[in-house]
>>> print(open('upload.tsv').read())   # TSV, C-alpha atoms and all ligand atoms
chain	number	residue	atom	x	y	z
A	1	MET	CA	7.56	4.32	11.50
A	2	LYS	CA	9.70	6.42	9.13
A	3	LYS	CA	9.04	10.13	9.63
A	4	THR	CA	8.63	12.39	6.59
A	5	ASN	CA	7.79	16.06	6.15
A	6	ARG	CA	4.78	15.38	4.01
A	7	ARG	CA	1.48	16.84	5.05
A	8	PHE	CA	-1.61	14.98	6.22
A	9	GLU	CA	-3.39	14.82	2.84
A	10	THR	CA	-0.27	13.61	1.06
A	11	GLU	CA	0.48	10.88	3.61
A	12	ALA	CA	-3.15	9.74	3.37
A	13	ILE	CA	-2.65	9.16	-0.35
A	14	ARG	CA	1.02	8.27	-0.72
A	15	THR	CA	1.54	5.90	2.23
A	16	GLN	CA	1.61	2.59	0.45
A	17	ILE	CA	2.98	-0.92	0.85
A	18	GLU	CA	5.70	-2.03	-1.55
A	19	ARG	CA	4.57	-2.63	-5.13
A	20	SER	CA	4.43	-6.22	-6.37
A	21	SER	CA	6.32	-7.35	-9.51
A	22	PHE	CA	3.33	-6.12	-11.58
A	23	LEU	CA	4.07	-2.49	-10.59
A	24	GLU	CA	0.41	-1.75	-9.95
A	25	HIS	CA	-0.46	1.89	-9.16
A	26	SER	CA	-3.18	1.16	-6.60
A	27	SER	CA	-2.41	-1.44	-3.92
A	28	PRO	CA	-3.82	-4.91	-4.66
A	29	ILE	CA	-5.89	-6.90	-2.16
A	30	TYR	CA	-3.93	-9.68	-0.50
A	31	MET	CA	-6.68	-12.23	0.05
A	32	THR	CA	-4.52	-14.86	1.68
A	33	SER	CA	-4.72	-16.47	5.09
A	34	SER	CA	-1.05	-17.39	5.23
A	35	PHE	CA	2.33	-16.65	3.61
A	36	VAL	CA	4.97	-19.11	2.40
A	37	PHE	CA	8.50	-19.66	3.65
A	38	GLU	CA	11.60	-20.06	1.50
A	39	ASP	CA	13.02	-22.98	3.48
A	40	ALA	CA	13.31	-24.50	6.94
A	41	GLU	CA	15.61	-21.75	8.23
A	42	ASP	CA	13.30	-18.98	6.95
A	43	MET	CA	10.38	-20.68	8.68
A	44	ARG	CA	12.26	-21.02	11.98
A	45	ALA	CA	13.57	-17.43	11.91
A	46	SER	CA	10.13	-16.04	11.02
A	47	PHE	CA	8.44	-17.77	13.93
A	48	ALA	CA	11.26	-16.72	16.25
A	49	GLU	CA	10.43	-13.11	15.20
A	50	GLU	CA	13.98	-12.59	14.00
A	51	LYS	CA	12.45	-11.30	10.75
A	52	ASP	CA	9.78	-8.67	10.24
A	53	ARG	CA	7.60	-10.49	7.73
A	54	ASN	CA	4.08	-11.78	7.20
A	55	ILE	CA	3.30	-15.26	8.54
A	56	TYR	CA	-0.45	-15.54	8.99
A	57	SER	CA	-3.18	-12.94	8.44
A	58	ARG	CA	-4.41	-13.17	12.03
A	59	TYR	CA	-1.05	-11.58	12.99
A	60	ALA	CA	-0.53	-9.23	10.05
A	61	ASN	CA	-1.43	-8.82	6.38
A	62	PRO	CA	-0.07	-6.28	3.84
A	63	ASN	CA	-3.43	-4.51	3.50
A	64	GLY	CA	-3.76	-4.22	7.27
A	65	THR	CA	-0.20	-2.89	7.44
A	66	GLU	CA	-0.93	-0.19	4.85
A	67	PHE	CA	-4.04	0.92	6.74
A	68	ILE	CA	-2.20	0.95	10.08
A	69	ASP	CA	0.77	2.91	8.63
A	70	LYS	CA	-1.57	5.58	7.28
A	71	VAL	CA	-3.46	6.00	10.52
A	72	CYS	CA	-0.19	6.15	12.49
A	73	LYS	CA	1.04	8.99	10.27
A	74	MET	CA	-2.31	10.79	10.54
A	75	GLU	CA	-2.37	10.52	14.34
A	76	GLY	CA	1.36	11.02	14.92
A	77	ALA	CA	1.57	7.55	16.48
A	78	GLU	CA	4.47	5.08	16.68
A	79	ALA	CA	2.53	1.89	15.97
A	80	GLY	CA	-0.94	0.37	15.70
A	81	PHE	CA	-3.11	-2.71	15.31
A	82	ALA	CA	-6.24	-2.98	13.14
A	83	PHE	CA	-9.39	-4.76	14.28
A	84	ALA	CA	-12.58	-6.18	12.77
A	85	SER	CA	-14.70	-3.51	14.51
A	86	GLY	CA	-14.38	-0.47	16.74
A	87	MET	CA	-15.58	-2.47	19.73
A	88	ALA	CA	-12.98	-5.18	19.06
A	89	ALA	CA	-10.39	-2.38	19.29
A	90	VAL	CA	-11.86	-1.04	22.54
A	91	PHE	CA	-12.16	-4.49	24.14
A	92	SER	CA	-8.75	-5.79	23.04
A	93	THR	CA	-7.00	-2.59	24.15
A	94	PHE	CA	-8.36	-2.93	27.68
A	95	ALA	CA	-7.99	-6.72	27.78
A	96	ALA	CA	-4.33	-6.51	26.75
A	97	LEU	CA	-3.36	-3.78	29.21
A	98	LEU	CA	-5.42	-4.41	32.35
A	99	GLU	CA	-5.00	-6.95	35.15
A	100	SER	CA	-7.58	-8.28	37.53
A	101	GLY	CA	-8.00	-5.66	40.28
A	102	ASP	CA	-7.28	-2.68	38.02
A	103	HIS	CA	-9.49	0.39	37.90
A	104	VAL	CA	-10.52	2.56	34.94
A	105	LEU	CA	-11.44	6.20	35.35
A	106	SER	CA	-13.75	7.04	32.45
A	107	ALA	CA	-15.80	9.95	31.24
A	108	ARG	CA	-19.47	9.17	31.77
A	109	ASN	CA	-20.39	10.21	28.22
A	110	ILE	CA	-19.08	7.28	26.24
A	111	PHE	CA	-20.28	5.00	23.46
A	112	GLY	CA	-23.12	2.72	24.69
A	113	SER	CA	-21.30	-0.59	24.05
A	114	THR	CA	-18.17	0.64	25.86
A	115	HIS	CA	-20.38	1.49	28.85
A	116	SER	CA	-21.81	-2.05	28.64
A	117	LEU	CA	-18.27	-3.53	28.66
A	118	PHE	CA	-17.46	-1.60	31.84
A	119	THR	CA	-20.71	-2.45	33.62
A	120	GLN	CA	-21.63	-5.96	32.41
A	121	PHE	CA	-18.38	-7.74	31.61
A	122	PHE	CA	-15.34	-6.16	33.29
A	123	PRO	CA	-16.68	-6.91	36.79
A	124	LYS	CA	-16.32	-10.63	35.90
A	125	TRP	CA	-12.55	-10.06	35.81
A	126	GLN	CA	-12.54	-7.73	38.84
A	127	ILE	CA	-11.87	-4.70	36.66
A	128	SER	CA	-13.74	-1.76	38.15
A	129	HIS	CA	-14.53	1.69	36.80
A	130	THR	CA	-15.59	5.10	38.06
A	131	TYR	CA	-17.22	7.71	35.84
A	132	PHE	CA	-16.26	11.37	35.99
A	133	LYS	CA	-18.34	14.25	34.69
A	134	ILE	CA	-16.72	15.93	31.73
A	135	ASP	CA	-17.68	19.39	32.98
A	136	GLU	CA	-16.04	18.70	36.37
A	137	LEU	CA	-12.49	17.79	35.41
A	138	GLU	CA	-11.25	19.50	38.59
A	139	LYS	CA	-12.68	16.50	40.50
A	140	VAL	CA	-10.96	13.81	38.42
A	141	GLU	CA	-7.83	13.63	40.58
A	142	ASP	CA	-9.94	12.88	43.67
A	143	LEU	CA	-11.28	9.76	41.93
A	144	ILE	CA	-7.87	8.21	41.28
A	145	THR	CA	-7.22	5.10	43.40
A	146	PRO	CA	-3.98	3.12	43.89
A	147	ARG	CA	-5.34	0.60	41.33
A	148	THR	CA	-6.26	3.18	38.67
A	149	LYS	CA	-4.42	2.45	35.46
A	150	VAL	CA	-6.31	4.21	32.68
A	151	ILE	CA	-8.14	7.48	32.06
A	152	TYR	CA	-10.60	7.02	29.21
A	153	ALA	CA	-12.59	9.60	27.22
A	154	GLU	CA	-14.26	10.46	23.91
A	155	SER	CA	-14.44	13.94	22.43
A	156	PRO	CA	-16.76	15.11	20.98
A	157	THR	CA	-19.15	12.86	22.87
A	158	ASN	CA	-21.92	10.78	21.41
A	159	PRO	CA	-24.64	11.93	20.98
A	160	GLY	CA	-24.44	15.21	22.90
A	161	VAL	CA	-21.38	16.59	21.04
A	162	ASP	CA	-19.94	17.89	24.30
A	163	LEU	CA	-16.17	18.31	24.45
A	164	VAL	CA	-13.63	16.94	26.88
A	165	ASP	CA	-10.50	19.01	27.52
A	166	LEU	CA	-7.91	16.49	26.34
A	167	GLU	CA	-4.86	18.53	27.32
A	168	ARG	CA	-6.15	18.76	30.87
A	169	LEU	CA	-6.65	14.98	31.02
A	170	GLY	CA	-3.19	14.49	29.53
A	171	THR	CA	-1.67	16.59	32.32
A	172	ILE	CA	-3.53	14.61	35.00
A	173	ALA	CA	-2.49	11.28	33.43
A	174	ASP	CA	1.15	12.37	33.33
A	175	LYS	CA	1.18	13.63	36.89
A	176	HIS	CA	-0.18	10.31	38.22
A	177	GLY	CA	1.57	7.94	35.81
A	178	LEU	CA	-1.69	6.79	34.21
A	179	LEU	CA	-2.45	5.90	30.61
A	180	LEU	CA	-4.73	8.27	28.72
A	181	ILE	CA	-6.78	6.44	26.08
A	182	VAL	CA	-8.99	8.51	23.77
A	183	ASP	CA	-11.70	7.21	21.43
A	184	ASN	CA	-11.23	9.72	18.59
A	185	CYS	CA	-13.91	8.33	16.32
A	186	PHE	CA	-16.21	11.38	16.32
A	187	ALA	CA	-13.43	13.74	15.25
A	188	SER	CA	-11.41	11.51	12.90
A	189	PRO	CA	-7.62	12.03	12.77
A	190	TYR	CA	-8.15	14.88	10.31
A	191	LEU	CA	-9.89	17.10	12.88
A	192	GLN	CA	-8.10	16.15	16.09
A	193	GLN	CA	-4.95	14.31	17.12
A	194	PRO	CA	-5.18	13.39	20.81
A	195	ILE	CA	-1.52	12.31	21.04
A	196	LYS	CA	-0.61	16.01	20.74
A	197	PHE	CA	-2.55	16.61	23.95
A	198	GLY	CA	-0.95	13.77	25.88
A	199	ALA	CA	-2.94	10.65	24.91
A	200	HIS	CA	-0.89	7.44	24.95
A	201	LEU	CA	-3.33	5.46	22.81
A	202	VAL	CA	-6.01	6.52	20.33
A	203	ILE	CA	-8.88	4.25	19.31
A	204	HIS	CA	-11.09	4.59	16.24
A	205	SER	CA	-14.14	2.88	14.95
A	206	GLY	CA	-13.14	2.80	11.27
A	207	THR	CA	-16.81	2.12	10.55
A	208	LYS	CA	-17.59	5.82	10.82
A	209	LEU	CA	-15.76	8.71	9.09
A	210	MET	CA	-12.75	6.60	8.11
A	211	ASP	CA	-14.77	4.37	5.77
A	212	GLY	CA	-17.25	7.18	5.33
A	213	GLN	CA	-19.50	5.26	3.00
A	214	GLY	CA	-21.29	2.89	5.34
A	215	ARG	CA	-19.75	-0.29	3.92
A	216	VAL	CA	-17.55	-1.94	6.52
A	217	LEU	CA	-16.99	-2.48	10.21
A	218	ALA	CA	-13.46	-1.79	11.38
A	219	GLY	CA	-11.44	-0.55	14.31
A	220	ILE	CA	-7.90	0.51	15.06
A	221	THR	CA	-5.75	1.37	18.07
A	222	VAL	CA	-2.60	3.45	17.58
A	223	GLY	CA	-0.07	4.99	19.95
A	224	ARG	CA	3.03	4.18	21.98
A	225	ALA	CA	4.93	1.23	20.53
A	226	ASP	CA	5.40	-0.67	23.82
A	227	LEU	CA	1.66	-0.54	24.52
A	228	ILE	CA	0.77	-1.55	20.95
A	229	ASP	CA	3.13	-4.51	21.29
A	230	LYS	CA	1.12	-5.74	24.29
A	231	ILE	CA	-2.11	-5.26	22.32
A	232	TYR	CA	-0.57	-7.10	19.35
A	233	ARG	CA	0.47	-10.05	21.58
A	234	PHE	CA	-3.08	-10.34	22.87
A	235	ALA	CA	-4.78	-9.82	19.50
A	236	ARG	CA	-2.64	-12.24	17.47
A	237	ILE	CA	-3.71	-14.96	19.91
A	238	SER	CA	-7.36	-13.97	20.47
A	239	GLY	CA	-8.07	-13.24	16.80
A	240	PRO	CA	-10.03	-9.97	16.30
A	241	SER	CA	-7.94	-8.83	13.30
A	242	LEU	CA	-9.30	-6.83	10.37
A	243	SER	CA	-9.89	-8.68	7.06
A	244	PRO	CA	-7.60	-7.79	4.10
A	245	PHE	CA	-10.59	-6.70	2.01
A	246	ASN	CA	-11.91	-4.29	4.64
A	247	ALA	CA	-8.39	-2.98	5.26
A	248	TRP	CA	-7.99	-2.31	1.54
A	249	LEU	CA	-11.33	-0.43	1.42
A	250	LEU	CA	-10.31	1.68	4.40
A	251	SER	CA	-6.92	2.51	2.93
A	252	LYS	CA	-8.64	3.80	-0.21
A	253	SER	CA	-11.20	5.70	1.89
A	254	LEU	CA	-8.47	7.46	3.84
A	255	GLU	CA	-7.17	8.94	0.57
A	256	THR	CA	-10.30	11.11	0.51
A	257	LEU	CA	-10.74	11.62	4.27
A	258	ALA	CA	-9.65	15.27	4.28
A	259	VAL	CA	-11.92	16.39	1.44
A	260	ARG	CA	-14.86	14.36	2.70
A	261	VAL	CA	-14.55	15.58	6.27
A	262	ASP	CA	-14.21	19.20	5.11
A	263	ARG	CA	-17.58	18.88	3.34
A	264	HIS	CA	-19.17	16.97	6.26
A	265	CYS	CA	-18.15	19.85	8.52
A	266	SER	CA	-19.36	22.68	6.28
A	267	ASN	CA	-22.67	20.87	5.72
A	268	ALA	CA	-23.05	20.16	9.45
A	269	LEU	CA	-22.38	23.79	10.34
A	270	GLY	CA	-25.02	24.78	7.77
A	271	VAL	CA	-27.56	22.38	9.30
A	272	ALA	CA	-26.74	23.63	12.82
A	273	GLN	CA	-27.23	27.26	11.76
A	274	PHE	CA	-30.53	26.36	10.08
A	275	LEU	CA	-31.78	24.61	13.25
A	276	GLU	CA	-30.62	27.42	15.53
A	277	ASP	CA	-33.03	29.82	13.82
A	278	HIS	CA	-35.97	27.36	13.78
A	279	PRO	CA	-38.96	28.14	16.08
A	280	LYS	CA	-39.72	24.43	16.74
A	281	VAL	CA	-36.21	23.70	17.99
A	282	GLU	CA	-35.57	23.97	21.73
A	283	TRP	CA	-31.76	23.93	21.45
A	284	VAL	CA	-29.08	22.86	19.00
A	285	LYS	CA	-25.52	21.82	19.72
A	286	TYR	CA	-22.56	21.75	17.35
A	287	PRO	CA	-18.93	22.28	18.44
A	288	PHE	CA	-18.24	25.06	15.92
A	289	LEU	CA	-21.43	27.04	16.62
A	290	PRO	CA	-20.44	30.06	18.73
A	291	SER	CA	-23.40	29.19	21.03
A	292	HIS	CA	-21.78	25.85	21.99
A	293	PRO	CA	-20.77	26.13	25.67
A	294	GLN	CA	-17.25	24.90	24.83
A	295	TYR	CA	-16.78	26.80	21.56
A	296	LYS	CA	-13.34	28.07	22.65
A	297	LEU	CA	-12.13	24.59	23.51
A	298	ALA	CA	-13.51	23.28	20.21
A	299	LYS	CA	-11.49	25.89	18.33
A	300	LYS	CA	-8.35	24.95	20.26
A	301	GLN	CA	-8.71	21.19	20.05
A	302	MET	CA	-10.32	20.62	16.65
A	303	LYS	CA	-9.81	21.80	13.10
A	304	ALA	CA	-13.59	21.90	12.44
A	305	GLY	CA	-16.75	20.74	14.21
A	306	GLY	CA	-17.30	17.22	12.80
A	307	CYS	CA	-20.34	15.66	11.17
A	308	VAL	CA	-22.72	15.32	14.11
A	309	VAL	CA	-25.32	17.89	15.17
A	310	SER	CA	-27.66	17.25	18.08
A	311	PHE	CA	-30.86	19.12	18.83
A	312	GLU	CA	-34.08	18.93	20.79
A	313	ILE	CA	-37.47	19.33	19.17
A	314	LYS	CA	-40.05	21.28	21.16
A	315	GLY	CA	-42.84	18.88	22.15
A	316	GLY	CA	-40.83	15.95	23.54
A	317	VAL	CA	-41.08	12.32	22.47
A	318	LYS	CA	-44.41	12.71	20.64
A	319	ALA	CA	-43.14	15.51	18.40
A	320	GLY	CA	-39.89	13.59	17.95
A	321	ARG	CA	-41.67	10.47	16.66
A	322	LYS	CA	-43.68	12.58	14.20
A	323	PHE	CA	-40.46	14.18	13.00
A	324	PHE	CA	-38.88	10.78	12.31
A	325	ASP	CA	-42.00	9.56	10.50
A	326	ALA	CA	-42.01	12.67	8.28
A	327	ILE	CA	-38.33	12.47	7.24
A	328	ARG	CA	-37.97	11.47	3.56
A	329	LEU	CA	-34.40	11.97	2.32
A	330	LEU	CA	-32.36	11.37	5.49
A	331	SER	CA	-32.01	7.74	6.59
A	332	LEU	CA	-33.32	6.45	9.91
A	333	SER	CA	-30.29	4.37	10.77
A	334	ALA	CA	-27.80	3.72	13.56
A	335	ASN	CA	-24.56	4.63	11.78
A	336	LEU	CA	-22.75	7.96	11.52
A	337	GLY	CA	-19.99	9.52	9.46
A	338	ASP	CA	-21.60	8.16	6.27
A	339	SER	CA	-21.89	10.06	2.98
A	340	ARG	CA	-25.65	9.67	3.50
A	341	SER	CA	-27.20	11.87	6.17
A	342	ILE	CA	-28.67	9.87	9.02
A	343	VAL	CA	-31.07	10.78	11.84
A	344	THR	CA	-31.35	8.80	15.06
A	345	HIS	CA	-33.21	9.02	18.33
A	346	PRO	CA	-30.55	8.07	20.93
A	347	ALA	CA	-32.98	7.56	23.84
A	348	SER	CA	-34.87	4.77	22.05
A	349	THR	CA	-31.94	3.28	20.06
A	350	THR	CA	-28.18	3.57	20.74
A	351	HIS	CA	-28.60	4.51	24.41
A	352	SER	CA	-31.78	2.55	25.23
A	353	LYS	CA	-29.79	0.16	27.47
A	354	LEU	CA	-29.02	3.00	29.89
A	355	SER	CA	-31.46	3.82	32.69
A	356	VAL	CA	-33.29	7.16	32.44
A	357	LYS	CA	-31.01	8.48	35.20
A	358	GLU	CA	-27.85	7.34	33.39
A	359	ARG	CA	-29.17	8.86	30.17
A	360	LEU	CA	-29.85	12.22	31.74
A	361	GLU	CA	-26.42	12.20	33.39
A	362	SER	CA	-24.97	11.67	29.92
A	363	GLY	CA	-27.00	14.62	28.66
A	364	ILE	CA	-29.42	12.51	26.61
A	365	THR	CA	-32.93	13.89	26.85
A	366	ASP	CA	-35.97	12.01	25.52
A	367	GLY	CA	-36.53	14.46	22.67
A	368	MET	CA	-32.91	14.64	21.54
A	369	VAL	CA	-32.28	14.01	17.85
A	370	ARG	CA	-28.82	13.23	16.47
A	371	ILE	CA	-28.08	14.03	12.86
A	372	SER	CA	-24.98	12.70	11.17
A	373	VAL	CA	-24.76	15.21	8.35
A	374	GLY	CA	-23.69	13.59	5.09
A	375	LEU	CA	-22.40	14.78	1.76
A	376	GLU	CA	-25.67	15.44	-0.07
A	377	HIS	CA	-26.28	19.05	-1.14
A	378	LEU	CA	-26.79	21.16	1.98
A	379	GLU	CA	-30.06	22.66	0.72
A	380	ASP	CA	-31.55	19.21	0.09
A	381	ILE	CA	-30.64	18.18	3.65
A	382	THR	CA	-32.09	21.31	5.26
A	383	SER	CA	-35.24	21.24	3.14
A	384	ASP	CA	-35.96	17.65	4.26
A	385	ILE	CA	-35.44	18.62	7.91
A	386	SER	CA	-37.57	21.71	7.35
A	387	GLN	CA	-40.54	19.83	5.86
A	388	ALA	CA	-40.35	17.21	8.65
A	389	LEU	CA	-40.39	19.95	11.31
A	390	ASP	CA	-43.37	21.54	9.53
A	391	ALA	CA	-45.23	18.23	9.66
A	392	ILE	CA	-45.05	17.70	13.44
A	393	TYR	CA	-47.74	20.24	14.51
B	401	LIG	C1	-19.36	3.28	16.60
B	401	LIG	C2	-18.49	3.63	17.72
B	401	LIG	C3	-17.75	2.64	18.38
B	401	LIG	C4	-17.84	1.18	18.02
B	401	LIG	O1	-17.44	0.91	16.73
B	401	LIG	P1	-17.97	-0.34	15.87
B	401	LIG	O2	-17.17	-0.26	14.64
B	401	LIG	O3	-19.44	-0.15	15.68
B	401	LIG	O4	-17.70	-1.57	16.68
B	401	LIG	C5	-16.92	3.04	19.41
B	401	LIG	N1	-16.84	4.33	19.79
B	401	LIG	C6	-17.56	5.30	19.19
B	401	LIG	C7	-17.42	6.70	19.66
B	401	LIG	C8	-18.40	4.99	18.14
B	401	LIG	O5	-19.11	5.95	17.55
>>> encode(input="upload.tsv", output="structure tokens")
Amino acid sequence: MKKTNRRFETEAIRTQIERSSFLEHSSPIYMTSSFVFEDAEDMRASFAEEKDRNIYSRYANPNGTEFIDKVCKMEGAEAGFAFASGMAAVFSTFAALLESGDHVLSARNIFGSTHSLFTQFFPKWQISHTYFKIDELEKVEDLITPRTKVIYAESPTNPGVDLVDLERLGTIADKHGLLLIVDNCFASPYLQQPIKFGAHLVIHSGTKLMDGQGRVLAGITVGRADLIDKIYRFARISGPSLSPFNAWLLSKSLETLAVRVDRHCSNALGVAQFLEDHPKVEWVKYPFLPSHPQYKLAKKQMKAGGCVVSFEIKGGVKAGRKFFDAIRLLSLSANLGDSRSIVTHPASTTHSKLSVKERLESGITDGMVRISVGLEHLEDITSDISQALDAIY
């Protein structure tokens, strides 16, 4: 990747694949499964990887390349590979790097489907895991075994918006020669760049803030070039690559990431402040609220607090259900990072596959509500939440 001195917002807009002979301003969509060769020698040399060129869209496609180049610049990464979903990125990253017998040391508070990979599928290939508590990082080193290869974490966590001290994990990974892989989806590259804190690979679900408009599924892994090469070798054979159309949409979306995320964050802070003063709210958590237990770490690690606010309604599950039934403007949906504000009940939806014990250990109480604060006018968002809280008792 060629390094420039341009700033984040400029790279997000000006990183572009070569123009075609039409000299279009905005990149076209390359809807093609394969690419043609000039002659027999070109074909041979291309397959022998003596040339850096497109062969088949399962390996690479210009739209995918543009999207990957942008995210690499945003994250300060050497290379990347784009996937059809965030989970395809998570699975392929592990599948490419781990051997049978390897061990993963992961934060307990991780995305539900990643937890299911660790518990339901990796044991089939003798890949084991141990969870560490994110508020007990001093115990992480004791959990390292001779077969540990990866430390894995998300920050902020879903849905509790707790933070993990990434620099501390980076130091531990370095000391023990382990890979640190961070799912940075909740922050987006605009708010946090884990490579600065010692991460070797960064994973995103592009479905969330990167697309930001609830249209596509996508994923990406970026980081150290030698690791990405292994992931590329696995992915070009196993076939989870991102479609050119979705890659094109994401590239356009990234042009507005900074302005969108700024507004998501100011709206989310406004919602968090509104909830903090509300008599029917037991507690509210948002990384940039001074009452957040890790406010100092949030300020160090992130540029702003992100789009997700979590809170607990007084009155438990019953009050919670009434709240959801009374909501009018906000969507009851499973996504996040969308321009539309979304409310979810993690205990009965995204984290319903966890046992009650596992849920509580991940900080998910029965009455917890997660709001992904969108880009509507702040006062329209808070007035909907306000009328729904009024309606519960
Ligand atoms: C949504 C999400 C994923 C999975 O992404 P998909 O695009 O839905 O496959 C992984 N990690 C986190 C933190 C997520 O929020």
>>> residues_near_ligand(input="upload.tsv", ligand="ligand LIG 401 (chain B)", cutoff="8 Å", atoms="all atoms listed in the file", output="ChimeraX atom specification")
/A:84-90,110-111,113-114,154,157-158,183-186,203-208,217-219,335-336
>>> closest_residue(input="upload.tsv", among="A:Ile237, A:Val161, A:Leu137, A:Leu180", to="Gly305 (chain A)", atoms="all atoms listed in the file")
A:Val161
>>> closest_residue(input="upload.tsv", among="A:Ser26, A:Ser57, A:Asn109, A:Gln120", to="Phe132 (chain A)", atoms="all atoms listed in the file")
A:Asn109
>>> residues_around(input="upload.tsv", residues="Leu257 (chain A)", least_positions_apart="6", cutoff="12 Å", atoms="all atoms listed in the file", output="ChimeraX atom specification")
/A:8-13,70-71,74,187-191,206,208-213,250-251,263-265,337-339
>>> residues_near_point(input="upload.tsv", point="(-31.8, 14.7, 20.7)", cutoff="10 Å", atoms="all atoms listed in the file", output="MDAnalysis selection string")
chainID A and resid 159:160 283:285 309:313 316:317 320 343:347 363:371
>>> decode(input="upload.tsv", residues="region 299-311 of chain A", atoms="N, CA, C and O atoms", output="short mmCIF file (atom, residue, chain, number, x, y, z; two decimals), in the first residue's frame")
data_model
loop_
_atom_site.label_atom_id
_atom_site.label_comp_id
_atom_site.auth_asym_id
_atom_site.auth_seq_id
_atom_site.Cartn_x
_atom_site.Cartn_y
_atom_site.Cartn_z
N LYS A 299 -11.82 7.69 26.37
CA LYS A 299 -11.22 8.94 25.86
C LYS A 299 -9.85 8.69 25.24
O LYS A 299 -9.46 9.36 24.29
N LYS A 300 -9.12 7.71 25.80
CA LYS A 300 -7.78 7.41 25.29
C LYS A 300 -7.86 6.63 23.99
O LYS A 300 -7.11 6.88 23.05
N GLN A 301 -8.80 5.68 23.94
CA GLN A 301 -8.81 4.70 22.85
C GLN A 301 -9.67 5.12 21.67
O GLN A 301 -9.45 4.68 20.55
N MET A 302 -10.68 5.95 21.92
CA MET A 302 -11.66 6.27 20.89
C MET A 302 -11.77 7.78 20.68
O MET A 302 -11.56 8.56 21.60
N LYS A 303 -12.17 8.13 19.47
CA LYS A 303 -12.35 9.54 19.13
C LYS A 303 -13.69 10.07 19.65
O LYS A 303 -13.82 11.24 20.00
N ALA A 304 -14.70 9.20 19.66
CA ALA A 304 -16.02 9.53 20.24
C ALA A 304 -16.66 8.20 20.63
O ALA A 304 -16.05 7.14 20.42
N GLY A 305 -17.87 8.24 21.19
CA GLY A 305 -18.42 7.07 21.87
C GLY A 305 -19.10 6.01 21.02
O GLY A 305 -19.48 4.97 21.53
N GLY A 306 -19.34 6.28 19.72
CA GLY A 306 -20.03 5.29 18.88
C GLY A 306 -21.54 5.50 18.86
O GLY A 306 -22.05 6.47 19.43
N CYS A 307 -22.24 4.58 18.21
CA CYS A 307 -23.67 4.78 17.99
C CYS A 307 -24.55 4.00 18.96
O CYS A 307 -25.77 4.14 18.93
N VAL A 308 -23.96 3.16 19.80
CA VAL A 308 -24.78 2.27 20.63
C VAL A 308 -24.84 2.74 22.08
O VAL A 308 -23.80 3.03 22.69
N VAL A 309 -26.07 2.80 22.59
CA VAL A 309 -26.33 3.13 23.99
C VAL A 309 -27.06 1.94 24.58
O VAL A 309 -27.96 1.41 23.94
N SER A 310 -26.66 1.49 25.76
CA SER A 310 -27.46 0.43 26.39
C SER A 310 -28.00 0.94 27.71
O SER A 310 -27.38 1.77 28.38
N PHE A 311 -29.19 0.46 28.07
CA PHE A 311 -29.78 0.89 29.34
C PHE A 311 -30.75 -0.16 29.85
O PHE A 311 -31.15 -1.08 29.14
#
